[in-house]
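Worksheet: the structure to be examined is printed underneath.
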Protein chains: 2
Amino acid sequence: MKLQRFILYNLILFSWNLFAQTKSSPMENFAIVMHGGAGAILKKDMPPELEKQYSDKMKEALQAGYDTLKKGGTALSAVEASIKILEDSPLYNAGKGSAFTSDGKNEMDASVMDGKTLKAGAVAGVRTIKNPVSAARMVMEKTPHVLIAGKGAEKIAKENGLEIVDTSYFFVQRRWDQMQKAKKEEKIKLDHSSDTSGSIQPLNDMFNDKKFGTVGAVALDKFGNLAAATSTGGMTNKKPGRVGDSPIIGAGTYANNATCAISCTGHGEYFIRYTVAHDVSALMEYKGLTLEQAANEVVMKKLVAAGGEGGLIGIDSKGNIAMPFNSIGMYRGFAKKDGKISVMIYKDDLPK
Amino acid sequence: MKLQRFILYNLILFSWNLFAQTKSSPMENFAIVMHGGAGAILKKDMPPELEKQYSDKMKEALQAGYDTLKKGGTALSAVEASIKILEDSPLYNAGKGSAFTSDGKNEMDASVMDGKTLKAGAVAGVRTIKNPVSAARMVMEKTPHVLIAGKGAEKIAKENGLEIVDTSYFFVQRRWDQMQKAKKEEKIKLDHSSDTSGSIQPLNDMFNDKKFGTVGAVALDKFGNLAAATSTGGMTNKKPGRVGDSPIIGAGTYANNATCAISCTGHGEYFIRYTVAHDVSALMEYKGLTLEQAANEVVMKKLVAAGGEGGLIGIDSKGNIAMPFNSIGMYRGFAKKDGKISVMIYKDDLPK
């Protein structure tokens with residue numbers, strides 16, 4: 001009788017442990033979130049056919065990340081796979097389709113961060129690497145460095161077998177026209193401006209277009225690890241050599257299993273000065289805020305007060321996601337464990 | 001009688017306010033703190049004459065910052081004035097005397113941040129600007145950007161009247177020899193290494209020298225404003241295009257009147273991944289730690305656990321300073337309101 005009771009007791013205990021482990025295990029949850037840039041994206045200016053193209057491409061990218069996660073791939077591989085698809089598309093401002101600098105060149109930046117190891121890699125001002133996000137991962141995995149700029153990065157990418165293309169590969173007529181328009185408007189503005197300091201005024205012209213093209217992805221994999229990646233062609237008509245927040249760990253990209261993975265898009269200078277990606281993480285770690293609270297605090301309060309336009313995507317280790325933005329629109333979407341893929345553009349869009 | 005009492009009451013109130021304002025006003029306190037790099041600086045390897053040269057130059061730099069603050073200059077002007085003196089000296093690894101890349105070039109990085117406005121400026125990979133710290137300030141004040149790299153930065157510096165020099169100006173024989181030695185050791189190591197991944201091994205060689213030359217300054221001015229600046233020639237034998245933490249706002253440099261001003265020196269890749277400068281600020285702002293507690297938490301705990309060697313200098317809005325480092329030594333010093341200038345090199349040095 002005593003033995004029977006002992007066995008029964010242990011059976012109950014064993015079952016409970018099994019149940020509890022299944023419930024609390026992060027091993028089964030996974031998700032990916034993406035953005036494709038924030039800014040003055042107005043429904044009235046968007047032909048339905050173009051809107052469909054943007055949405056379809058974002059869905060394709062999310063599907064690639066989802067498939068990677070579903071078959072047990074890492075969060076790092078998922079964000080890379082997803083971003084490569086947007087880099088290869090002329091629609092988004094990253095890789096092919098990158099914005100032009102004021103001297104008519106494409107200078108691209110990208111970064112990745114692994115939330116498990118806090119390792120990171122980034123490239124800045126690269127002009128011949130087909131997929132800057134893969135170059136960022138290569139810097140992280142194959143060099144002792146975090147950030148490599150310009151020709152130095154291109155040389156290492158080539159040595160490591162990454163695809164190198166002619167600079168003409170990145171040319172997209174629409175981007176060229178945007179740059180020419182921005183140049184013209186800057187000139188007109190300067191001609192009529194009473195402000196001769198040359199300091200702040202041209203900035204406003206530069207942002208007339210108000211579309212901060214950048215692509216980003218954050219993911220949680222089946223092993224409970226987080227990763228983030230960001231890639232961009234930068235601002236239209238930017239000065240040659242200008243580096244935004246995208247390749248800056250802590251500004252445009254951050255991932256830490258203890259808190260969250262973040263990728264930003266917006267007026268990069270503000271995102272650097274406010275160390276936006278790390279600030280969201282710090283608010284969670286040191287102040288106990290949830291991902292949503294922390295992301296809103298930074299994007300909807302701090303950045304709004306400073307005049308810094310843009311948004312971010314974030315995911316925490318439980319799979320909670322946040323996608324706040326203070327601009328008119330932000331290309332964004334997510335795929336959760338159930339396989340349903342949702343993409344949105346405008347402020348009041350419901351997931352669809 | 002009633003009127004007399006009213007007058008007396010108001011006189012007391014007025015006197016108290018006057019007293020309280022004097023007591024709590026930060027208007028009178030000011031200070032500057034500097035570092036000149038951290039690493040394996042051993043007293044046994046340091047000829048007394050050379051030690052004196054390093055100390056004298058650091059004192060001269062601190063004096064320049066102190067003089068600026070004393071006559072009512074801004075913290076920003078003080079850190080710039082101080083750093084220019086170390087940049088102009090062949091002793092420190094910034095400006096003249098910068099380390100060489102693996103292909104025998106000097107590529108310099110610098111940044112500044114204004115704690116009052118949270119504005120920031122930085123340059124990376126510049127090769128012809130005599131004072132990179134002044135170029136960083138120029139980016140902050142004369143362009144809409146925060147970070148400009150390479151030739152783009154050099155072009156804007158020239159347009160804004162900064163002193164441009166031939167690349168040969170930066171040549172210092174000792175630095176050249178260090179690079180040659182590092183190259184040789186890296187080769188020997190690779191030749192004998194069983195690890196063929198080419199990923200981590202070379203790093204150790206690169207840090208054989210274990211001196212992370214960077215110069216930095218943080219200051220509090222009479223108006224209660226903070227500023228930080230950092231300038232470096234980078235790692236000896238670094239890959240061309242490698243960017244360390246020095247030009248990265250939030251990593252090597254950060255300033256915020258609400259918390260502190262920070263400048264870092266050390267193994268830059270760790271300082272980027274751990275967003276060191278902003279992390280100290282976040283620990284103060286969100287967790288209520290003092291500057292000293294926050295700086296120790298990051299440098300002596302987080303970085304030590306990760307294997308990231310180096311240190312930082314910090315100052316808060318009350319003039320408290322911190323100078324933690326986890327390496328063997330760190331060139332450092334400070335000048336407070338009383339005009340006394342203290343410099344130190346080794347771990348157990350007392351201010352002298």
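Letters for chains follow the order of the structure tokens (A, B, ...), residue numbers begin at 1 for each chain, and ligand numbers begin at 1 in the order shown.
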With a distance threshold of 9 Å and counting only C-alpha atoms, extract the residues of chain B near chain A and express them as number ranges by chain. B: 113, 118-120, 124-125, 141-153, 197-203, 238-244, 248-251, 254, 268-270, 272-275, 278-279, 282-283, 286-287
Looking only at the backbone, which of the residues in region 127-258 of chain B does DSSP tag as helix (DSSP H, G or I), as a PyMOL selection string? chain B and resi 132-142+150-159+167-170+173-192+201-206
Would you work out the distance separating CA of Gly308 (chain B) from CA of Ser327 (chain B), expressed in Å to one decimal?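 The value is 9.3 Å.
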Shortest contact to Lys347 (chain A), candidates A:Ala335, A:Ser82, A:Lys183, A:Gly311, atoms counted only C-alpha atoms, goes to A:Gly311
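As for CA of Ala182 (chain A) and CA of Phe271 (chain A), they are spaced 22.3 Å apart.
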